[in-house]
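K.L.:
Supplied in structure tokens, the structure appears directly below.
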Amino acid sequence: MDIIIRANAQEVGEAAAQVIAPFVREGKTIGLATGSSPLTTYKELIRLYEEGELSFSNIQAFLLDEYVGLDREDDNSYFKTIRNEFTSHVDFKDSNVHSPDSTDPDPYHAAALYEEKITASGVAIQLLGVGVNGHIGFNEPTSALQGPTKVQALHPQTIKDNARFFNGAIEEVPTHAMTQGLGTITRAENIVLVATGDTKADAVWGIVEGPLTAMCPGSVLQLHPNVTIVVDEAAASRLENVEYYRTMERIRLG
Ligand code: F6R
């Protein structure tokens, strides 16, 4: 695991975009996350596109997750959110952005189909955020560490955290989501996780220095050979070995 610590969210986004950019230049398939954490990364990728340094015209993307029951065109669907925050600002084709079919009357069937689609394609680099409780994708605590794409009942904490996207109305937040499983996510060849702010400090500790446990689903990344964690000072504030990580970044080869 490579740990990169930066002063603030903007620098976190710049560093994460630098990890992703070479894969885009090679036309590889990327995995996208929604939420607040990746916004500065998307901003930087958009800047690189505007500078003529990157094109997404032939890139395929797979979203991590989607709320059950929200149509793609619903303002709170993750497909629409990714389009508003990122893909419509660059030359991404909507038809190249894949997400679980949240309107399938049988979400278990939709989850299985999505798993098949990702398995057939493969993902070269997956961008992740992390929830306050350590979830990645919507894999809440106790998720199977090697599980496939699934239907997940959302943790009350996640519903509370995400109510901000629904004008603060907790009752408006869907109770279920479809999410790539921890097994699906960790089959991506490379992973970059971004986290900012002190509310993420416990989760970041759990991922980097805590025990491997389904109670902190992100800790499964300890098993993956190509993971980069990019955090700001606040999200790194519970880490015990910050100087070691800074030294490792300084002397890293390539
Ligand atoms: C989003 C996702 C979630 C978020 C996590 C953090 O696609 O899969 O795991 O990354 O809930 O959300 P933010 O970044 O809004 O704090």
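Lettering and numbering for the structure tokens are positional, with chains as A, B, ... in the shown order, residues counted from 1 in each chain, and ligands counted from 1 in the shown order.
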Which residues, written as a VMD selection string, have at least one atom at most 10 Å from Gly210 of chain A, with only C-alpha atoms counted and residues fewer than 6 positions away on the same chain left out?

P.N.:
chain A and resid 202 to 204 216 219 222 239

K.L.:
Show me which residues are within 9 Å of ligand 1 counting only C-alpha atoms and all ligand atoms, and format the list as a compact mmCIF listing (two decimals) with N, CA, C and O atoms, in the first residue's frame.

P.N.:
```txt
# COMPACT_ATOMS: atom_id res chain seq x y z
N LEU A 32 -15.36 4.27 -11.37
CA LEU A 32 -15.64 5.59 -10.80
C LEU A 32 -16.48 5.49 -9.52
O LEU A 32 -17.32 4.60 -9.40
N ALA A 33 -16.24 6.43 -8.61
CA ALA A 33 -17.00 6.49 -7.35
C ALA A 33 -17.76 7.81 -7.30
O ALA A 33 -17.33 8.80 -7.89
N THR A 34 -18.87 7.82 -6.57
CA THR A 34 -19.59 9.09 -6.35
C THR A 34 -19.31 9.58 -4.94
O THR A 34 -18.47 9.03 -4.24
N GLY A 35 -20.03 10.62 -4.51
CA GLY A 35 -19.81 11.18 -3.18
C GLY A 35 -18.92 12.41 -3.27
O GLY A 35 -18.47 12.81 -4.35
N SER A 36 -18.64 12.99 -2.10
CA SER A 36 -17.86 14.23 -2.07
C SER A 36 -16.37 13.99 -2.27
O SER A 36 -15.68 14.82 -2.88
N SER A 37 -15.88 12.87 -1.76
CA SER A 37 -14.42 12.67 -1.74
C SER A 37 -13.75 12.77 -3.11
O SER A 37 -12.69 13.39 -3.22
N PRO A 38 -14.32 12.17 -4.17
CA PRO A 38 -13.59 12.20 -5.45
C PRO A 38 -13.74 13.51 -6.24
O PRO A 38 -13.19 13.62 -7.32
N LEU A 39 -14.51 14.48 -5.69
CA LEU A 39 -14.82 15.66 -6.52
C LEU A 39 -13.57 16.42 -6.97
O LEU A 39 -13.49 16.88 -8.11
N LEU A 63 -19.38 2.24 -12.75
CA LEU A 63 -19.65 2.86 -11.45
C LEU A 63 -19.62 1.78 -10.37
O LEU A 63 -19.93 0.62 -10.63
N LEU A 64 -19.29 2.22 -9.18
CA LEU A 64 -19.22 1.30 -8.05
C LEU A 64 -20.58 0.82 -7.61
O LEU A 64 -20.74 -0.33 -7.21
N ASP A 65 -21.54 1.74 -7.66
CA ASP A 65 -22.81 1.41 -7.00
C ASP A 65 -23.93 2.30 -7.52
O ASP A 65 -23.69 3.27 -8.24
N GLU A 66 -25.14 1.94 -7.15
CA GLU A 66 -26.33 2.72 -7.53
C GLU A 66 -27.43 2.42 -6.53
O GLU A 66 -27.53 1.30 -6.02
N TYR A 78 -26.75 7.74 -8.99
CA TYR A 78 -25.30 7.89 -9.08
C TYR A 78 -24.85 8.06 -10.53
O TYR A 78 -23.86 8.73 -10.80
N LEU A 127 -11.26 4.01 -8.70
CA LEU A 127 -11.23 5.12 -7.75
C LEU A 127 -12.24 4.83 -6.64
O LEU A 127 -13.37 4.44 -6.93
N LEU A 128 -11.84 5.05 -5.39
CA LEU A 128 -12.73 4.80 -4.25
C LEU A 128 -12.73 5.98 -3.28
O LEU A 128 -11.69 6.64 -3.12
N GLY A 129 -13.88 6.19 -2.62
CA GLY A 129 -13.91 6.98 -1.40
C GLY A 129 -14.10 5.99 -0.26
O GLY A 129 -14.10 4.77 -0.48
N VAL A 130 -14.27 6.49 0.94
CA VAL A 130 -14.55 5.58 2.06
C VAL A 130 -15.59 6.22 2.96
O VAL A 130 -15.58 7.44 3.18
N GLY A 131 -16.52 5.41 3.46
CA GLY A 131 -17.52 5.93 4.38
C GLY A 131 -16.94 6.08 5.78
O GLY A 131 -15.91 5.49 6.12
N VAL A 132 -17.64 6.84 6.62
CA VAL A 132 -17.19 7.06 8.00
C VAL A 132 -17.03 5.71 8.72
O VAL A 132 -16.14 5.54 9.56
N ASN A 133 -17.86 4.74 8.37
CA ASN A 133 -17.79 3.42 9.02
C ASN A 133 -16.88 2.44 8.28
O ASN A 133 -16.90 1.25 8.55
N GLY A 134 -16.09 2.95 7.35
CA GLY A 134 -15.11 2.09 6.66
C GLY A 134 -15.66 1.42 5.41
O GLY A 134 -14.95 0.63 4.78
N HIS A 135 -16.91 1.73 5.02
CA HIS A 135 -17.44 1.05 3.82
C HIS A 135 -16.73 1.55 2.56
O HIS A 135 -16.32 2.70 2.48
N ILE A 136 -16.57 0.65 1.60
CA ILE A 136 -16.15 1.05 0.25
C ILE A 136 -17.20 0.51 -0.71
O ILE A 136 -17.76 -0.57 -0.48
N GLY A 137 -17.46 1.27 -1.81
CA GLY A 137 -18.71 1.01 -2.50
C GLY A 137 -19.78 1.16 -1.43
O GLY A 137 -19.66 1.99 -0.52
N PHE A 138 -20.82 0.34 -1.47
CA PHE A 138 -21.78 0.34 -0.37
C PHE A 138 -21.64 -0.95 0.42
O PHE A 138 -22.63 -1.50 0.91
N ASN A 139 -20.43 -1.45 0.54
CA ASN A 139 -20.20 -2.66 1.34
C ASN A 139 -20.09 -2.25 2.80
O ASN A 139 -19.05 -1.77 3.26
N GLU A 140 -21.21 -2.41 3.49
CA GLU A 140 -21.26 -2.01 4.89
C GLU A 140 -20.55 -3.04 5.77
O GLU A 140 -20.25 -4.15 5.31
N THR A 158 -24.97 5.52 7.14
CA THR A 158 -24.80 5.88 5.73
C THR A 158 -26.02 6.67 5.25
O THR A 158 -25.88 7.67 4.53
N ASP A 161 -25.62 10.06 6.68
CA ASP A 161 -24.56 10.80 5.98
C ASP A 161 -25.03 11.27 4.61
O ASP A 161 -24.66 12.35 4.15
N ASN A 162 -25.82 10.45 3.92
CA ASN A 162 -26.20 10.77 2.54
C ASN A 162 -27.47 11.62 2.44
O ASN A 162 -27.81 12.08 1.35
N THR A 179 -24.27 -2.70 -5.16
CA THR A 179 -22.87 -2.31 -5.09
C THR A 179 -21.95 -3.41 -5.58
O THR A 179 -22.23 -4.60 -5.36
N GLN A 180 -20.88 -3.01 -6.25
CA GLN A 180 -19.82 -3.99 -6.50
C GLN A 180 -19.43 -4.56 -5.14
O GLN A 180 -19.31 -3.81 -4.16
N LEU A 193 -7.64 5.18 -3.46
CA LEU A 193 -8.70 5.59 -2.53
C LEU A 193 -8.38 6.98 -2.03
O LEU A 193 -7.24 7.25 -1.64
N VAL A 194 -9.38 7.86 -2.05
CA VAL A 194 -9.18 9.23 -1.55
C VAL A 194 -10.05 9.46 -0.32
O VAL A 194 -11.18 8.96 -0.25
N ALA A 195 -9.51 10.19 0.66
CA ALA A 195 -10.29 10.52 1.85
C ALA A 195 -9.80 11.87 2.39
O ALA A 195 -8.59 12.13 2.41
N THR A 196 -10.77 12.69 2.79
CA THR A 196 -10.41 14.00 3.35
C THR A 196 -11.28 14.30 4.56
O THR A 196 -12.42 13.83 4.66
N THR A 199 -13.56 13.45 9.84
CA THR A 199 -14.58 12.40 10.04
C THR A 199 -14.13 11.08 9.42
O THR A 199 -14.69 10.04 9.73
N LYS A 200 -13.14 11.12 8.54
CA LYS A 200 -12.67 9.89 7.89
C LYS A 200 -11.42 9.31 8.57
O LYS A 200 -10.91 8.28 8.14
```

K.L.:
When you look at Asn241 of chain A with a cut-off of 10 Å (counting only C-alpha atoms), what residues show up, excluding the ones that are within fewer than 4 positions of it in the same chain? I need them as a ChimeraX atom specification.

P.N.:
/A:208-209,236,245-246

K.L.:
Take the residues that were just selected and, keeping N, CA and C atoms, output them as a compact mmCIF listing (two decimals), in the first residue's frame.

P.N.:
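To be explicit, this is the file written out as result.txt:
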```
# COMPACT_ATOMS: atom_id res chain seq x y z
N VAL A 208 -5.56 1.40 6.80
CA VAL A 208 -4.09 1.39 6.66
C VAL A 208 -3.41 0.62 7.79
N GLU A 209 -3.86 0.84 9.03
CA GLU A 209 -3.10 0.30 10.16
C GLU A 209 -3.91 -0.67 11.04
N ALA A 236 -5.55 11.84 7.83
CA ALA A 236 -4.38 11.05 8.26
C ALA A 236 -4.11 11.19 9.75
N TYR A 245 5.43 6.91 6.17
CA TYR A 245 4.75 7.03 4.86
C TYR A 245 5.35 8.16 4.04
N ARG A 246 5.69 9.27 4.72
CA ARG A 246 6.27 10.40 3.98
C ARG A 246 7.64 10.01 3.41
```

K.L.:
May I have the residues within 8 Å of Val123 of chain A as a compact mmCIF listing (two decimals) with N, CA, C and O atoms, in the first residue's frame, using only C-alpha atoms and disregarding those fewer than 2 positions away in the same chain?

P.N.:
```
# COMPACT_ATOMS: atom_id res chain seq x y z
N LYS A 28 -7.39 2.58 -20.99
CA LYS A 28 -7.85 1.49 -20.10
C LYS A 28 -9.22 1.79 -19.49
O LYS A 28 -9.62 2.96 -19.39
N THR A 29 -9.86 0.75 -19.02
CA THR A 29 -11.16 0.88 -18.35
C THR A 29 -10.98 1.34 -16.92
O THR A 29 -10.11 0.83 -16.20
N ILE A 30 -11.79 2.33 -16.52
CA ILE A 30 -11.64 2.87 -15.18
C ILE A 30 -12.92 2.65 -14.36
O ILE A 30 -14.00 2.51 -14.91
N GLY A 31 -12.76 2.62 -13.05
CA GLY A 31 -13.90 2.47 -12.14
C GLY A 31 -14.11 3.79 -11.42
O GLY A 31 -13.14 4.39 -10.93
N PHE A 62 -16.95 1.94 -15.22
CA PHE A 62 -17.93 1.21 -14.41
C PHE A 62 -18.12 1.95 -13.10
O PHE A 62 -17.14 2.25 -12.41
N ILE A 118 -18.81 -6.64 -15.51
CA ILE A 118 -17.51 -6.17 -15.02
C ILE A 118 -16.46 -7.27 -15.19
O ILE A 118 -15.33 -7.01 -15.60
N SER A 121 -15.27 -7.40 -18.68
CA SER A 121 -14.47 -6.24 -19.12
C SER A 121 -13.13 -6.15 -18.37
O SER A 121 -12.10 -5.90 -18.97
N ILE A 125 -8.12 0.53 -13.29
CA ILE A 125 -7.92 1.31 -12.06
C ILE A 125 -9.27 1.74 -11.50
O ILE A 125 -10.11 2.27 -12.23
N GLN A 126 -9.45 1.49 -10.23
CA GLN A 126 -10.71 1.81 -9.54
C GLN A 126 -10.46 2.95 -8.56
O GLN A 126 -9.57 2.87 -7.71
N ARG A 187 -10.77 -7.06 -7.57
CA ARG A 187 -10.27 -7.64 -8.82
C ARG A 187 -9.77 -6.56 -9.78
O ARG A 187 -9.14 -6.87 -10.79
N ALA A 188 -10.07 -5.28 -9.50
CA ALA A 188 -9.47 -4.20 -10.31
C ALA A 188 -7.95 -4.34 -10.18
O ALA A 188 -7.44 -4.68 -9.10
N GLU A 189 -7.24 -4.06 -11.29
CA GLU A 189 -5.78 -4.27 -11.23
C GLU A 189 -5.10 -3.28 -10.29
O GLU A 189 -4.08 -3.58 -9.68
```

K.L.:
Select, from A:Ser237, A:Thr184, A:Thr119, A:Asn190, the residue with the minimum atom-to-atom distance to Pro22 of chain A, counting only C-alpha atoms.

P.N.:
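Answer, going by the shortest atom-to-atom distance: A:Asn190.
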
K.L.:
One number please: atom CA of Gly197 of chain A to atom CA of Met1 of chain A, in Å, one decimal.

P.N.:
20.4 Å

K.L.:
Rounded to one decimal place, report the atom CA of Thr40 of chain A-atom CA of Leu253 of chain A distance in Å.

P.N.:
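Atom-to-atom, atom CA of Thr40 of chain A to atom CA of Leu253 of chain A, that is 26.1 Å.
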
K.L.:
Write out as a list in words the set of residues from segment 91-206 of chain A that DSSP, computed on the backbone, places in strand (DSSP E or B).

P.N.:
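In segment 91-206 of chain A, DSSP puts these residues in strand (DSSP E or B): Val97, His98, Ile125, Gln126, Leu127, Leu128, Ile136, Asn139, Lys150, Val151, Gln152, Ala153, His176, Ala177, Met178, Thr179, Asn190, Ile191, Val192, Leu193, Val194 and Ala195 of chain A.
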
K.L.:
Using backbone DSSP assignments, extract all alpha helix (DSSP H) residues from segment 69-212 of chain A; output them as a PyMOL selection string.

P.N.:
chain A and resi 78-85+107-121+156-162+182-185+201-208
